[in-house]
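**Q** This is the structure, below, for whatever I ask next.
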Amino acid sequence: MQVVASGAAPRYSAAMNYRHAFHAGNFADVLKHSVLALCLEHLNAKPKPYRVIDTHAGIGGYDLASSEAERSPEWKDGIGRLIDADLPEPVQAMLGPWLDIVREMNPDGIKAYPGSPEIAARLIREEDRVHLCELHEADSVTLDNRYRRDARIKVERRDGYKALKSLVPPKEKRGLVLIDPPFEDRDELAHMAEAVMGALAKWPTGTFIFWRSLKNLWAADRFDNGLAEWLISEKDFEPEKILRADLWIRDLASEGKLAGAGVVIINPPFTLEETLVNAMPWLAETLAQGNGYGWRVDGGLTEDDLDEGEG
Ligand SMILES: C[S@@+](CC[C@H](N)C(=O)[O-])C[C@H]1O[C@@H](n2cnc3c(N)ncnc32)[C@H](O)[C@@H]1O
């Protein structure tokens, strides 16, 4: 893989300022969480138990009336635009499983938003398991308090990247890994690539979802293409086993807040690409916050795509 390996160890010292409460329910969460819910529903289609590993779990659920959400009400232009929308059928197919959870949590108007652990907690079955890693001290306590009575869910205050190595393959041999770091470290993509390569080498059949911003489109493309190249050329993956989905709500070159983000999915459900392609035009238009909004869904990267990513 030619990606971004810096060799530098992750730096956690002064950092860990990121609080997802400022961003919960924004456009990036809409895409990430709807994809997560679709992948979990796909796992539920077979009776065999599975495991979900969430390496950067956050606090599990978010109060949209909290001071953080009030100071930064990004959710209003994400989940806020969708919760009561009349969804065309293809959009319902993409957003339905995730929106059902948000609606279930909010019978009397939207006040709360589910993080990735809550989406997993509400979709897994009795026999399935969830492993949550959260390194931030206070957040890991909040997370643990939320799930300590749920025997299906284990919470660890631990570096999710380091934990991942020892957590895969899970004994169920089926399941999903979500890697959703805060990108406070400028080498985050390198750490993600390293962790992912290690984990995929040990568990090539697991479904992996990685979130990354499009603040630096070149770096994101380099990460995606490097990963695809490594998987295809060195691990004999079929190109269809690598899918990426990105959404941007205004021109990616515009100044200010995050304009675009997306996910890369390894071993996606085979129907996921079509589900996303059918819904993303409506979603991009509905969530747009200016000119130059758009989306892309790429499955089955070709040799040409990989060449473009080099250099
Ligand atoms: C983007 S948020 C996670 C949001 C969550 N996945 C969701 O979708 O609801 C990233 C979280 O990772 C935590 N974090 C940062 N570095 C970490 C590490 N090395 N291992 C585990 N957690 C980490 C942060 O404290 C933060 O809560």
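The way I read the labels, and the way they are meant: chains A, B, ... in the order of the structure tokens, residue 1 as the first residue of every chain, and ligand 1 as the first ligand shown, with later ones counted on from there.
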Enumerate residues in contact with ligand 1: an atom-to-atom distance of at most 9 Å, counting only C-alpha atoms and all ligand atoms. Format the result as a PyMOL selection string.
**A** chain A and resi 10-12+15-21+23-25+29+32-33+54-62+113-119+132-140+156-163+178-185+211
**Q** List the spatial neighbours of segment 192-197 of chain A as a list in words - criterion: any atom at most 9 Å away, only C-alpha atoms, same-chain residues fewer than 4 positions off excluded.
**A** Met1, Val3, Val4, Ala5, Tyr161, Lys162, Leu164, Lys165, Ile179, Pro181, Asp187, Glu188, Ala201, Lys202, Phe208, Phe210, Phe223, Gly226, Leu227, Trp230 and Leu231 of chain A
**Q** Could you pull out the alpha helix (DSSP H) residues of segment 128-183 of chain A from DSSP and send them as a list in words?
**A**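 Assigned to alpha helix (DSSP H), within segment 128-183 of chain A: Glu137, Ala138, Asp139, Ser140, Val141, Thr142, Leu143, Asp144, Asn145, Arg146, Tyr147, Gly160, Tyr161, Lys162, Ala163, Leu164, Lys165, Ser166 and Leu167 of chain A.
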**Q** Hey, could you make a per-residue contact list for segment 169-260 of chain A against segment 277-300 of chain A with 7 Å as the cut-off, showing the nearest pair of atoms and its distance in Å to one decimal, counting only C-alpha atoms, sorted by chain and number, as CSV?
**A**
```
residue,atom,partner,partner_atom,distance
A:Pro239,CA,A:Gly300,CA,4.2
A:Glu240,CA,A:Gly300,CA,4.1
A:Ile242,CA,A:Gly299,CA,6.0
A:Leu243,CA,A:Gly299,CA,4.4
A:Arg244,CA,A:Asp298,CA,5.3
A:Ala245,CA,A:Val297,CA,4.4
A:Asp246,CA,A:Arg296,CA,5.3
A:Leu247,CA,A:Trp295,CA,4.4
A:Trp248,CA,A:Tyr293,CA,5.3
A:Ile249,CA,A:Ala288,CA,4.3
A:Arg250,CA,A:Tyr293,CA,4.1
A:Asp251,CA,A:Gly292,CA,4.2
```
**Q** For Leu167 of chain A, work out the shell of residues within 9 Å, counting only C-alpha atoms and skipping chain neighbours fewer than 5 positions away, then give it as JSON, numbers by chain.
**A** {"A": [53, 131, 199]}
**Q** Using only C-alpha atoms, pick whichever of A:Gly80, A:Gly198, A:Gly206, A:Pro90 has the shortest atom-to-atom distance to Leu64 of chain A.
**A** A:Gly80
**Q** Counting only C-alpha atoms, what is within 8 Å of Leu40 of chain A, bar same-chain residues fewer than 6 positions away, as a list in words?
**A**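 Once the adjacent positions are removed, what remains is Ala120, Leu123, Ile124 and Leu176 of chain A.
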**Q** Please compute the atom CA of Leu272 of chain A-atom CA of Glu41 of chain A distance, one decimal, in Å.
**A**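 Going from atom CA of Leu272 of chain A over to atom CA of Glu41 of chain A, I get 11.1 Å.
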**Q** Pick out each residue of segment 150-211 of chain A that DSSP on the backbone tags as strand (DSSP E); I need them as a list in words.
**A**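 Filtering segment 150-211 of chain A to strand (DSSP E) leaves Ile153, Lys154, Val155, Glu156, Gly175, Leu176, Val177, Leu178, Ile179, Thr207, Phe208, Ile209, Phe210 and Trp211 of chain A.
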**Q** Go ahead and write the selection's residues with N, CA, C and O atoms as a PDB file, in the first residue's frame.
**A**
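New file again_14.pdb:
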```pdb
ATOM      1  N   ILE A 153     -23.168  -5.680  25.413  1.00  0.00           N
ATOM      2  CA  ILE A 153     -22.283  -4.573  25.030  1.00  0.00           C
ATOM      3  C   ILE A 153     -21.148  -4.403  26.023  1.00  0.00           C
ATOM      4  O   ILE A 153     -21.370  -4.308  27.232  1.00  0.00           O
ATOM      5  N   LYS A 154     -19.918  -4.362  25.489  1.00  0.00           N
ATOM      6  CA  LYS A 154     -18.748  -4.165  26.349  1.00  0.00           C
ATOM      7  C   LYS A 154     -18.112  -2.822  26.011  1.00  0.00           C
ATOM      8  O   LYS A 154     -17.909  -2.507  24.837  1.00  0.00           O
ATOM      9  N   VAL A 155     -17.791  -2.063  27.050  1.00  0.00           N
ATOM     10  CA  VAL A 155     -17.160  -0.751  26.849  1.00  0.00           C
ATOM     11  C   VAL A 155     -15.755  -0.795  27.422  1.00  0.00           C
ATOM     12  O   VAL A 155     -15.544  -1.287  28.527  1.00  0.00           O
ATOM     13  N   GLU A 156     -14.788  -0.286  26.655  1.00  0.00           N
ATOM     14  CA  GLU A 156     -13.409  -0.227  27.152  1.00  0.00           C
ATOM     15  C   GLU A 156     -12.848   1.159  26.953  1.00  0.00           C
ATOM     16  O   GLU A 156     -13.010   1.740  25.863  1.00  0.00           O
ATOM     17  N   GLY A 175     -19.209 -10.063  11.174  1.00  0.00           N
ATOM     18  CA  GLY A 175     -19.422  -8.803  11.845  1.00  0.00           C
ATOM     19  C   GLY A 175     -18.852  -7.604  11.133  1.00  0.00           C
ATOM     20  O   GLY A 175     -18.512  -7.652   9.942  1.00  0.00           O
ATOM     21  N   LEU A 176     -18.740  -6.539  11.913  1.00  0.00           N
ATOM     22  CA  LEU A 176     -18.469  -5.232  11.337  1.00  0.00           C
ATOM     23  C   LEU A 176     -17.565  -4.415  12.254  1.00  0.00           C
ATOM     24  O   LEU A 176     -17.707  -4.484  13.473  1.00  0.00           O
ATOM     25  N   VAL A 177     -16.653  -3.665  11.637  1.00  0.00           N
ATOM     26  CA  VAL A 177     -15.802  -2.726  12.375  1.00  0.00           C
ATOM     27  C   VAL A 177     -16.118  -1.324  11.876  1.00  0.00           C
ATOM     28  O   VAL A 177     -16.122  -1.082  10.671  1.00  0.00           O
ATOM     29  N   LEU A 178     -16.386  -0.401  12.803  1.00  0.00           N
ATOM     30  CA  LEU A 178     -16.528   1.010  12.439  1.00  0.00           C
ATOM     31  C   LEU A 178     -15.317   1.753  12.980  1.00  0.00           C
ATOM     32  O   LEU A 178     -15.006   1.646  14.169  1.00  0.00           O
ATOM     33  N   ILE A 179     -14.651   2.492  12.086  1.00  0.00           N
ATOM     34  CA  ILE A 179     -13.487   3.301  12.506  1.00  0.00           C
ATOM     35  C   ILE A 179     -13.827   4.757  12.197  1.00  0.00           C
ATOM     36  O   ILE A 179     -13.911   5.151  11.032  1.00  0.00           O
ATOM     37  N   THR A 207     -16.728  -6.849   7.626  1.00  0.00           N
ATOM     38  CA  THR A 207     -17.119  -5.592   6.973  1.00  0.00           C
ATOM     39  C   THR A 207     -16.468  -4.461   7.753  1.00  0.00           C
ATOM     40  O   THR A 207     -16.563  -4.410   8.984  1.00  0.00           O
ATOM     41  N   PHE A 208     -15.770  -3.579   7.043  1.00  0.00           N
ATOM     42  CA  PHE A 208     -15.097  -2.439   7.681  1.00  0.00           C
ATOM     43  C   PHE A 208     -15.673  -1.151   7.104  1.00  0.00           C
ATOM     44  O   PHE A 208     -15.772  -1.007   5.889  1.00  0.00           O
ATOM     45  N   ILE A 209     -16.036  -0.239   7.995  1.00  0.00           N
ATOM     46  CA  ILE A 209     -16.495   1.088   7.550  1.00  0.00           C
ATOM     47  C   ILE A 209     -15.535   2.123   8.137  1.00  0.00           C
ATOM     48  O   ILE A 209     -15.348   2.163   9.363  1.00  0.00           O
ATOM     49  N   PHE A 210     -14.909   2.934   7.292  1.00  0.00           N
ATOM     50  CA  PHE A 210     -14.046   4.010   7.812  1.00  0.00           C
ATOM     51  C   PHE A 210     -14.631   5.341   7.405  1.00  0.00           C
ATOM     52  O   PHE A 210     -14.972   5.534   6.229  1.00  0.00           O
ATOM     53  N   TRP A 211     -14.690   6.244   8.349  1.00  0.00           N
ATOM     54  CA  TRP A 211     -15.142   7.603   8.050  1.00  0.00           C
ATOM     55  C   TRP A 211     -13.922   8.477   7.797  1.00  0.00           C
ATOM     56  O   TRP A 211     -12.903   8.364   8.481  1.00  0.00           O
TER      57      TRP A 211
END
```
**Q** Which of these, A:Ala121, A:Asp84, A:Asn225, A:Thr275, has the shortest distance to Arg103 of chain A once you count only C-alpha atoms?
**A**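 Distance minimum relative to Arg103 of chain A lands on A:Asp84.
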**Q** What is the distance, in Å and to one decimal place, between atom CA of Cys39 of chain A and atom CA of Thr142 of chain A?
**A**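 Computing it gives 26.0 Å between the two atoms.
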